[in-house]
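Colleague: Just passing along the structure, written as structure tokens.
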Amino acid sequence: MHWSFSILEVGVIPGVPLASHLPGAPPDLLVALPCYCFLLTDGPHHVIVDTGANARASAAAGFTIEGDTSALLHEGLRACGVEPGDVTLVVHTHLHYDHVGNDTCFPKAEVVVQRSEVRWATGPGSGPYYVEVAKFLEMLGERVRTVEGDVELLPGLQVLWNGGHTPGHQSVVLTRPSGPVCVCGDIVPMYANTGIVAPSCPRTAETEHFLETARAGGWEMIPSHDPELRAHPTCIGKP
Ligand SMILES: [Zn+2]
């Protein structure tokens with residue numbers, strides 16, 4: 001059984017400084033960046049990577065989100081013939097507000113996150129993009145599964161810890177007949193960041209190593225916020 005994937009657009013964040021992702025962009029240039037969720041399936045298993053933003057947490061983080069993100073997520077799943085209850089695994093690349101906003105859509109899923117991300121996100125220096133993480137983890141309760149480092153979650157589906165954007169950031173790599181596909185998360189927010197480390201990512205050895213491994217392996221890299229992703233053949237829910 002091979003993994004396939006669909007890209008679900010679930011809302012747009014307006015007013016993001018492009019320079020936070022692309023070095024050299026004019027400092028005052030603000031852009032509207034989509035949030036995406038990624039539905040991965042191998043037949044019996046349906047996995048969601050990241051759940052987008054919600055309006056309340058976005059406001060708390062100092063941003064707005066355009067679109068009813070929960071409704072968009074449900075619509076995207078329906079278009080793929082998947083019910084929220086069919087999703088048994090949610091993987092979070094990291095715990096920033098724009099990646100964890102709709103976990104309540106998946107009441108039965110185990111939720112996978114790096115242990116180091118939980119530690120960082122609930123610590124004193126985590127910053128404004130982490131919104132009520134302790135409450136969020138309490139809401140999920142025993143469904144949270146923390147992992148450390150690189151772990152195969154299911155045959156052909158692996159998480160790779162790569163630090164960088166946040167200390168516990170991870171990406172998801174799928175084995176496919178055409179070659180590996182990487183759902184990168186915010187370590188690669190835009191396509192350009194496969195070659196240029198984003199200013200929103202400190203230039204850590206882990207980030208460099210991850211990008212080098214991806215290049216050497218010829219991985220297809222799926223960024224987290226690039227409007228260009230709407231043109232991807234698997235993208236659903238374009239506005
Ligand atoms: Zn993000």
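Within each chain, counting starts at residue 1; across the structure tokens, chains are named A, B, ... in the order shown, with ligands numbered 1 upward in that order.
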Can you tell me which residues come within 9 Å of ligand 1 when counting only C-alpha atoms and all ligand atoms, ideally as a PyMOL selection string?

Modeller: chain A and resi 35+52-53+94+96-99+185-186+189+224-225

Colleague: Restricted to N, CA and C atoms, what would the selected residues look like written as a PDB file, in the first residue's frame?

Modeller:
ATOM      1  N   CYS A  35      -2.917  29.013   5.037  1.00  0.00           N
ATOM      2  CA  CYS A  35      -2.605  27.904   5.940  1.00  0.00           C
ATOM      3  C   CYS A  35      -3.107  26.633   5.265  1.00  0.00           C
ATOM      4  N   GLY A  52      -4.152  23.905  10.995  1.00  0.00           N
ATOM      5  CA  GLY A  52      -4.477  25.296  10.658  1.00  0.00           C
ATOM      6  C   GLY A  52      -4.680  26.171  11.888  1.00  0.00           C
ATOM      7  N   ALA A  53      -5.213  27.359  11.638  1.00  0.00           N
ATOM      8  CA  ALA A  53      -5.419  28.330  12.711  1.00  0.00           C
ATOM      9  C   ALA A  53      -6.896  28.388  13.077  1.00  0.00           C
ATOM     10  N   HIS A  94       4.848  21.531  14.620  1.00  0.00           N
ATOM     11  CA  HIS A  94       5.207  22.286  15.829  1.00  0.00           C
ATOM     12  C   HIS A  94       3.911  22.832  16.407  1.00  0.00           C
ATOM     13  N   HIS A  96       2.923  26.112  17.098  1.00  0.00           N
ATOM     14  CA  HIS A  96       2.492  27.496  16.879  1.00  0.00           C
ATOM     15  C   HIS A  96       1.001  27.535  16.559  1.00  0.00           C
ATOM     16  N   TYR A  97       0.377  28.697  16.883  1.00  0.00           N
ATOM     17  CA  TYR A  97      -1.085  28.827  16.795  1.00  0.00           C
ATOM     18  C   TYR A  97      -1.651  28.464  15.424  1.00  0.00           C
ATOM     19  N   ASP A  98      -0.892  28.697  14.361  1.00  0.00           N
ATOM     20  CA  ASP A  98      -1.446  28.481  13.010  1.00  0.00           C
ATOM     21  C   ASP A  98      -1.292  27.038  12.530  1.00  0.00           C
ATOM     22  N   HIS A  99      -0.909  26.147  13.443  1.00  0.00           N
ATOM     23  CA  HIS A  99      -0.749  24.732  13.079  1.00  0.00           C
ATOM     24  C   HIS A  99      -1.560  23.797  13.978  1.00  0.00           C
ATOM     25  N   GLY A 185       6.430  21.583   6.980  1.00  0.00           N
ATOM     26  CA  GLY A 185       6.160  22.495   8.093  1.00  0.00           C
ATOM     27  C   GLY A 185       6.910  23.798   7.878  1.00  0.00           C
ATOM     28  N   ASP A 186       7.053  24.578   8.925  1.00  0.00           N
ATOM     29  CA  ASP A 186       7.588  25.936   8.781  1.00  0.00           C
ATOM     30  C   ASP A 186       9.097  25.993   8.639  1.00  0.00           C
ATOM     31  N   PRO A 189       8.729  27.349   4.751  1.00  0.00           N
ATOM     32  CA  PRO A 189       7.420  27.978   4.582  1.00  0.00           C
ATOM     33  C   PRO A 189       7.085  28.275   3.125  1.00  0.00           C
ATOM     34  N   SER A 224       4.845  25.032   3.797  1.00  0.00           N
ATOM     35  CA  SER A 224       3.693  25.158   4.695  1.00  0.00           C
ATOM     36  C   SER A 224       2.780  26.337   4.393  1.00  0.00           C
ATOM     37  N   HIS A 225       3.291  27.398   3.744  1.00  0.00           N
ATOM     38  CA  HIS A 225       2.460  28.613   3.602  1.00  0.00           C
ATOM     39  C   HIS A 225       2.563  29.253   2.218  1.00  0.00           C
TER      40      HIS A 225
END

Colleague: Using DSSP on the backbone, list every residue of stretch 39-114 of chain A that comes out as helix (DSSP H, G or I), and give them as JSON, numbers by chain.

Modeller: {"A": [55, 56, 57, 58, 59, 60, 69, 70, 71, 72, 73, 74, 75, 76, 77, 78, 79, 84, 85, 86, 97, 98, 99, 103, 104, 105]}

Colleague: Excluding stretch 83-87 of chain A and residues on its chain fewer than 6 positions from it, collect all residues at most 12 Å away from it, counting only C-alpha atoms, and give them as a ChimeraX atom specification.

Modeller: /A:38-49,51,70-71,73-77,102-111

Colleague: List as a list of chain:residue names the protein and nucleic acid residues near stretch 191-194 of chain A, meaning an atom at most 7 Å away when only C-alpha atoms are counted, but skip any in the same chain fewer than 2 places from it.

Modeller: A:Val188, A:Pro189, A:Ile196, A:Val197, A:Ala198, A:Leu211, A:Pro223, A:Asp226

Colleague: Here is a test: counting only C-alpha atoms, which residue of A:Gly127, A:Asp50, A:Pro17, A:Ala205 is nearest to A:Val31?

Modeller: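 Ranking A:Gly127, A:Asp50, A:Pro17, A:Ala205 by distance to A:Val31, first place goes to A:Pro17.
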
Colleague: Give me the residues near A:Gly168 as a ChimeraX atom specification, where near means some atom within 7 Å (using only C-alpha atoms) and where sequence neighbours in that chain fewer than 3 positions away do not count.

Modeller: /A:94,114,116-117,161,163

Colleague: Generate a file of the selected residues that holds C-alpha atoms, formatted as an mmCIF file, in the first residue's frame.

Modeller:
data_model
loop_
_atom_site.group_PDB
_atom_site.id
_atom_site.type_symbol
_atom_site.label_atom_id
_atom_site.label_comp_id
_atom_site.auth_asym_id
_atom_site.auth_seq_id
_atom_site.Cartn_x
_atom_site.Cartn_y
_atom_site.Cartn_z
ATOM 1 C CA HIS A 94 5.207 22.286 15.829
ATOM 2 C CA GLN A 114 8.135 16.009 19.580
ATOM 3 C CA SER A 116 11.259 18.806 22.922
ATOM 4 C CA GLU A 117 8.513 20.900 21.295
ATOM 5 C CA TRP A 161 13.082 16.049 14.034
ATOM 6 C CA GLY A 163 14.725 21.826 15.002
#

Colleague: Taking the chain letters and numbering used in this document, name the residues of stretch 11-191 of chain A that DSSP puts in strand (DSSP E), as a VMD selection string.

Modeller: chain A and resid 11 to 17 30 to 41 46 to 49 87 to 91 110 to 114 144 to 147 151 to 154 157 to 161 170 to 174 181 to 185

Colleague: Within 6 Å of A:Leu157, counting only C-alpha atoms, which residues show up once you throw out same-chain ones fewer than 2 positions away? Write them as a PyMOL selection string, please.

Modeller: chain A and resi 152-155+173-174

Colleague: Between A:Met1, A:Val82, A:Val131, A:Val112, which residue has the minimum interatomic distance to A:His169, considering only C-alpha atoms?

Modeller: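 The shortest atom-to-atom distance to A:His169 comes from A:Val112.
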
Colleague: Grab the atom CA of A:Gly123 to atom CA of A:Val159 distance for me, in Å with one decimal place.

Modeller: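 Between atom CA of A:Gly123 and atom CA of A:Val159 the gap works out to 23.1 Å.
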
Colleague: When you draw a straight line from atom CA of A:Glu138 to atom CA of A:Thr69, how long is it in Å?

Modeller: 22.2 Å

Colleague: For A:Arg143, which residue out of A:Ile222, A:Leu89, A:Ile13, A:Cys184 is the nearest one, using only C-alpha atoms?

Modeller: A:Leu89

Colleague: Kindly give the distance, in Å, that separates atom CA of A:Val16 and atom CA of A:Glu206, rounded to a single decimal.

Modeller: 25.5 Å

Colleague: Any idea what's packed within 8 Å of A:His2, counting only C-alpha atoms, ignoring anything in its chain fewer than 2 positions away? Could you give it as a compact mmCIF listing (two decimals) with N, CA and C atoms, in the first residue's frame?

Modeller:
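result-v2.txt, written as the output of this step:
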# COMPACT_ATOMS: atom_id res chain seq x y z
N SER A 4 -0.66 8.33 -0.36
CA SER A 4 -0.99 9.46 -1.22
C SER A 4 -1.32 10.63 -0.30
N ASP A 42 -2.97 5.85 3.24
CA ASP A 42 -2.42 4.66 2.59
C ASP A 42 -3.52 3.63 2.36
N GLY A 156 6.28 3.39 6.00
CA GLY A 156 6.36 4.39 4.93
C GLY A 156 6.03 5.80 5.36
N THR A 175 6.93 7.69 1.98
CA THR A 175 7.54 6.90 0.93
C THR A 175 6.52 6.72 -0.18
N ARG A 176 6.91 7.09 -1.39
CA ARG A 176 6.02 6.92 -2.54
C ARG A 176 6.80 6.32 -3.70
N PRO A 177 6.11 5.61 -4.61
CA PRO A 177 6.83 4.99 -5.71
C PRO A 177 7.64 6.00 -6.52

Colleague: When you count only C-alpha atoms, which of these residues is closest to A:Glu132: A:Arg56, A:Arg115, A:His165, A:His92?

Modeller: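 Closest candidate: A:Arg56.
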